[in-house]
$ cat start_21.cif   # mmCIF, C-alpha atoms
data_upload
#
loop_
_atom_site.group_PDB
_atom_site.id
_atom_site.type_symbol
_atom_site.label_atom_id
_atom_site.label_comp_id
_atom_site.auth_asym_id
_atom_site.auth_seq_id
_atom_site.Cartn_x
_atom_site.Cartn_y
_atom_site.Cartn_z
ATOM 1 C CA MET A 1 -6.282 -4.335 21.159
ATOM 2 C CA ALA A 2 -6.013 -6.974 18.466
ATOM 3 C CA GLN A 3 -3.924 -6.644 15.361
ATOM 4 C CA VAL A 4 -5.918 -6.141 12.162
ATOM 5 C CA GLU A 5 -4.563 -7.447 8.848
ATOM 6 C CA ALA A 6 -5.594 -6.966 5.221
ATOM 7 C CA THR A 7 -3.888 -8.811 2.348
ATOM 8 C CA THR A 8 -4.389 -8.587 -1.410
ATOM 9 C CA GLU A 9 -2.434 -10.119 -4.274
ATOM 10 C CA ARG A 10 -2.365 -10.024 -8.059
ATOM 11 C CA ILE A 11 -0.499 -11.715 -10.905
ATOM 12 C CA ILE A 12 0.881 -9.041 -13.221
ATOM 13 C CA SER A 13 2.067 -9.631 -16.786
ATOM 14 C CA ALA A 14 5.460 -7.989 -16.313
ATOM 15 C CA ASP A 15 8.692 -9.254 -14.792
ATOM 16 C CA ALA A 16 9.233 -8.836 -11.050
ATOM 17 C CA GLU A 17 11.984 -6.226 -11.423
ATOM 18 C CA THR A 18 9.762 -3.982 -13.574
ATOM 19 C CA VAL A 19 6.853 -4.258 -11.136
ATOM 20 C CA PHE A 20 9.042 -3.637 -8.086
ATOM 21 C CA ASP A 21 10.756 -0.645 -9.699
ATOM 22 C CA ALA A 22 7.355 0.870 -10.526
ATOM 23 C CA LEU A 23 6.099 0.346 -6.950
ATOM 24 C CA ALA A 24 9.283 1.867 -5.510
ATOM 25 C CA ASP A 25 9.042 4.920 -7.797
ATOM 26 C CA TYR A 26 7.209 7.308 -5.488
ATOM 27 C CA LYS A 27 8.213 10.314 -7.627
ATOM 28 C CA ASP A 28 6.543 9.339 -10.886
ATOM 29 C CA VAL A 29 4.628 6.050 -10.803
ATOM 30 C CA ARG A 30 3.088 5.645 -7.343
ATOM 31 C CA GLY A 31 1.011 8.814 -7.517
ATOM 32 C CA LYS A 32 -0.415 7.678 -10.881
ATOM 33 C CA VAL A 33 -1.584 4.275 -9.622
ATOM 34 C CA LEU A 34 -3.214 5.417 -6.362
ATOM 35 C CA THR A 35 -6.997 5.171 -6.238
ATOM 36 C CA ALA A 36 -9.492 7.954 -5.487
ATOM 37 C CA HIS A 37 -9.240 6.899 -1.803
ATOM 38 C CA PHE A 38 -5.850 8.656 -1.601
ATOM 39 C CA SER A 39 -5.409 12.434 -1.506
ATOM 40 C CA LYS A 40 -2.803 15.056 -0.534
ATOM 41 C CA TYR A 41 -0.042 12.856 -2.034
ATOM 42 C CA GLU A 42 3.413 14.333 -1.466
ATOM 43 C CA VAL A 43 6.951 12.932 -1.575
ATOM 44 C CA ARG A 44 8.818 14.699 1.231
ATOM 45 C CA GLU A 45 12.198 12.952 1.025
ATOM 46 C CA GLY A 46 13.833 10.650 -1.498
ATOM 47 C CA GLY A 47 11.347 9.251 -3.959
ATOM 48 C CA ASP A 48 12.877 5.927 -5.009
ATOM 49 C CA GLY A 49 12.430 3.085 -2.527
ATOM 50 C CA GLU A 50 14.586 2.976 0.619
ATOM 51 C CA GLY A 51 14.804 6.324 2.390
ATOM 52 C CA THR A 52 11.625 7.759 0.891
ATOM 53 C CA LEU A 53 9.277 9.714 3.139
ATOM 54 C CA VAL A 54 5.832 10.065 1.577
ATOM 55 C CA HIS A 55 2.586 11.606 2.812
ATOM 56 C CA TRP A 56 -1.021 10.949 1.829
ATOM 57 C CA LYS A 57 -4.493 10.857 3.270
ATOM 58 C CA LEU A 58 -6.315 7.557 2.945
ATOM 59 C CA GLN A 59 -10.096 7.736 3.040
ATOM 60 C CA ALA A 60 -11.120 4.150 3.712
ATOM 61 C CA THR A 61 -14.781 5.016 4.377
ATOM 62 C CA SER A 62 -16.898 8.162 4.224
ATOM 63 C CA LYS A 63 -16.095 8.816 7.908
ATOM 64 C CA ARG A 64 -12.612 7.305 8.291
ATOM 65 C CA VAL A 65 -9.610 9.273 6.981
ATOM 66 C CA ARG A 66 -6.045 8.367 7.973
ATOM 67 C CA ASP A 67 -3.329 11.004 7.726
ATOM 68 C CA CYS A 68 -0.309 8.878 6.763
ATOM 69 C CA LEU A 69 3.367 9.852 6.863
ATOM 70 C CA LEU A 70 5.245 6.789 5.673
ATOM 71 C CA GLU A 71 8.907 5.868 5.963
ATOM 72 C CA VAL A 72 9.952 3.426 3.238
ATOM 73 C CA THR A 73 12.518 0.660 3.719
ATOM 74 C CA GLU A 74 13.634 -2.278 1.569
ATOM 75 C CA PRO A 75 14.466 -5.034 4.084
ATOM 76 C CA THR A 76 14.950 -7.719 1.400
ATOM 77 C CA ASP A 77 15.061 -7.937 -2.397
ATOM 78 C CA GLY A 78 11.599 -7.474 -3.858
ATOM 79 C CA GLN A 79 10.121 -6.041 -0.659
ATOM 80 C CA LEU A 80 9.048 -2.510 0.268
ATOM 81 C CA VAL A 81 7.864 -1.691 3.784
ATOM 82 C CA GLU A 82 5.937 1.512 4.531
ATOM 83 C CA LYS A 83 5.764 2.370 8.257
ATOM 84 C CA ASP A 84 3.345 5.116 9.241
ATOM 85 C CA ARG A 85 4.832 7.639 11.666
ATOM 86 C CA ASN A 86 1.296 8.683 12.684
ATOM 87 C CA SER A 87 -0.062 5.257 13.677
ATOM 88 C CA SER A 88 0.788 1.580 14.109
ATOM 89 C CA MET A 89 0.034 0.878 10.426
ATOM 90 C CA VAL A 90 2.680 -1.017 8.439
ATOM 91 C CA THR A 91 2.220 -1.951 4.776
ATOM 92 C CA THR A 92 4.486 -4.529 3.146
ATOM 93 C CA TRP A 93 4.688 -4.914 -0.633
ATOM 94 C CA THR A 94 6.327 -8.118 -1.898
ATOM 95 C CA VAL A 95 7.007 -8.793 -5.579
ATOM 96 C CA THR A 96 8.204 -12.222 -6.733
ATOM 97 C CA PRO A 97 8.552 -13.941 -10.125
ATOM 98 C CA ALA A 98 5.479 -15.955 -11.179
ATOM 99 C CA GLY A 99 6.548 -17.622 -14.404
ATOM 100 C CA GLU A 100 8.042 -16.198 -17.563
ATOM 101 C CA GLY A 101 7.335 -12.495 -17.901
ATOM 102 C CA LYS A 102 4.973 -12.489 -14.917
ATOM 103 C CA SER A 103 5.155 -11.537 -11.275
ATOM 104 C CA LYS A 104 3.078 -11.847 -8.148
ATOM 105 C CA ALA A 105 2.509 -8.657 -6.152
ATOM 106 C CA VAL A 106 1.270 -9.087 -2.575
ATOM 107 C CA VAL A 107 0.345 -6.192 -0.283
ATOM 108 C CA THR A 108 -0.276 -6.754 3.427
ATOM 109 C CA THR A 109 -1.245 -4.025 5.874
ATOM 110 C CA VAL A 110 -1.338 -4.545 9.640
ATOM 111 C CA TRP A 111 -2.240 -2.193 12.476
ATOM 112 C CA ASP A 112 -3.334 -2.264 16.100
ATOM 113 C CA GLY A 113 -7.109 -2.262 16.078
ATOM 114 C CA ALA A 114 -9.472 -0.655 18.534
ATOM 115 C CA GLY A 115 -10.893 -2.533 21.496
ATOM 116 C CA GLY A 116 -14.511 -3.282 22.353
ATOM 117 C CA ILE A 117 -17.406 -3.317 19.924
ATOM 118 C CA GLY A 118 -15.691 -0.776 17.647
ATOM 119 C CA GLY A 119 -12.722 -3.097 17.415
ATOM 120 C CA PHE A 120 -14.991 -5.993 16.498
ATOM 121 C CA PHE A 121 -16.423 -4.035 13.565
ATOM 122 C CA GLU A 122 -12.956 -2.844 12.551
ATOM 123 C CA ARG A 123 -11.564 -6.394 12.504
ATOM 124 C CA THR A 124 -14.641 -7.587 10.602
ATOM 125 C CA PHE A 125 -14.998 -4.908 7.921
ATOM 126 C CA ALA A 126 -11.729 -2.960 7.586
ATOM 127 C CA PRO A 127 -9.723 -5.790 5.962
ATOM 128 C CA LYS A 128 -12.357 -6.217 3.240
ATOM 129 C CA GLY A 129 -12.535 -2.483 2.543
ATOM 130 C CA LEU A 130 -8.773 -2.026 2.483
ATOM 131 C CA GLY A 131 -8.481 -5.149 0.346
ATOM 132 C CA ARG A 132 -10.768 -3.589 -2.278
ATOM 133 C CA ILE A 133 -8.711 -0.376 -2.247
ATOM 134 C CA TYR A 134 -5.435 -2.244 -2.733
ATOM 135 C CA ASP A 135 -6.957 -4.546 -5.357
ATOM 136 C CA GLU A 136 -7.848 -1.463 -7.392
ATOM 137 C CA LEU A 137 -4.358 -0.031 -6.823
ATOM 138 C CA LEU A 138 -2.752 -3.288 -8.032
ATOM 139 C CA GLN A 139 -5.041 -3.221 -11.064
ATOM 140 C CA ASN A 140 -3.819 0.324 -11.826
ATOM 141 C CA LEU A 141 -0.207 -0.795 -11.311
ATOM 142 C CA ALA A 142 -0.713 -3.697 -13.711
ATOM 143 C CA ALA A 143 -2.146 -1.342 -16.342
ATOM 144 C CA GLN A 144 0.892 0.930 -15.880
ATOM 145 C CA VAL A 145 3.576 -1.772 -16.271
ATOM 146 C CA GLU A 146 1.841 -3.998 -18.837
ATOM 147 C CA LYS A 147 1.887 -1.207 -21.463
#
$ encode --input "start_21.cif" --output "structure tokens"
Amino acid sequence: MAQVEATTERIISADAETVFDALADYKDVRGKVLTAHFSKYEVREGGDGEGTLVHWKLQATSKRVRDCLLEVTEPTDGQLVEKDRNSSMVTTWTVTPAGEGKSKAVVTTVWDGAGGIGGFFERTFAPKGLGRIYDELLQNLAAQVEK
């Protein structure tokens, strides 16, 4: 099994603290910025950053649906880590300043991929597909915080 990684980033016209606070707000903001690929969204514990437990289903393709139960931690300033209890998937959100009134949001997801020919296709196509999903999510986040 090889590790699969997908990374997407975006410059957002809002300061880093505003962007991070919006990302960490699972109660009000996160559900609004998710794309149509996410369903069954539910905050089960917490709701603001560290200590949050959130559930959703992620439909990456017409045939591939992940049932995700994510524990949220904040290991460093400006960083949220979502670890899936149901798989090896870990998503890290990092928000840093990018000039006056701007920030850079980077999302990286890693997981243990399948072996064999299926694993080859997963490593080849999954990062691009997940990248498109997170690019759209970051676009929605930017629209939310740039108001």
$ atom_distance --input "start_21.cif" --atom1 "CA of Arg64 in chain A" --atom2 "CA of Gly113 in chain A"
13.5 Å
$ atom_distance --input "start_21.cif" --atom1 "CA of Ser88 in chain A" --atom2 "CA of Asp112 in chain A"
6.0 Å
$ closest_residue --input "start_21.cif" --among "A:Leu53, A:Leu58, A:Ala114, A:Leu23" --to "Phe38 in chain A" --atoms "all atoms listed in the file"
A:Leu58
$ resolve_selection --input "start_21.cif" --expression "the PyMOL selection byres ((chain A and resi 108) around 6)" --output "PyMOL selection string"
chain A and resi 6-7+91-92+107+109
$ resolve_selection --input "start_21.cif" --expression "the PyMOL selection byres ((chain A and resi 66-76) around 9)" --output "count of residues only"
28
$ atom_distance --input "start_21.cif" --atom1 "CA of Arg30 in chain A" --atom2 "CA of Gly99 in chain A"
24.6 Å
$ closest_residue --input "start_21.cif" --among "A:Ala36, A:Ala143, A:Val95, A:Val4" --to "Asp21 in chain A" --atoms "all atoms listed in the file"
A:Val95
$ closest_residue --input "start_21.cif" --among "A:Ala98, A:Ile133, A:Leu141, A:Ala2" --to "His37 in chain A" --atoms "only C-alpha atoms"
A:Ile133
$ residues_around --input "start_21.cif" --residues "range 9-12 of chain A" --least-positions-apart "5" --cutoff "7 Å" --atoms "all atoms listed in the file" --output "ChimeraX atom specification"
/A:102-107,138,142
$ write_last_selection --input "start_21.cif" --atoms "C-alpha atoms" --output "compact mmCIF listing (two decimals), keeping the file's coordinate frame"
# COMPACT_ATOMS: atom_id res chain seq x y z
CA LYS A 102 4.97 -12.49 -14.92
CA SER A 103 5.16 -11.54 -11.28
CA LYS A 104 3.08 -11.85 -8.15
CA ALA A 105 2.51 -8.66 -6.15
CA VAL A 106 1.27 -9.09 -2.58
CA VAL A 107 0.34 -6.19 -0.28
CA LEU A 138 -2.75 -3.29 -8.03
CA ALA A 142 -0.71 -3.70 -13.71
$ closest_residue --input "start_21.cif" --among "A:Thr8, A:Gln144, A:Thr94, A:Ser62" --to "Lys128 in chain A" --atoms "all atoms listed in the file"
A:Thr8
$ resolve_selection --input "start_21.cif" --expression "the PyMOL selection byres ((chain A and resi 101) around 6)" --output "list in words"
Ala14, Asp15, Glu100 and Lys102 of chain A
$ closest_residue --input "start_21.cif" --among "A:Glu5, A:Glu136, A:Glu17, A:Glu146" --to "Val33 in chain A" --atoms "only C-alpha atoms"
A:Glu136
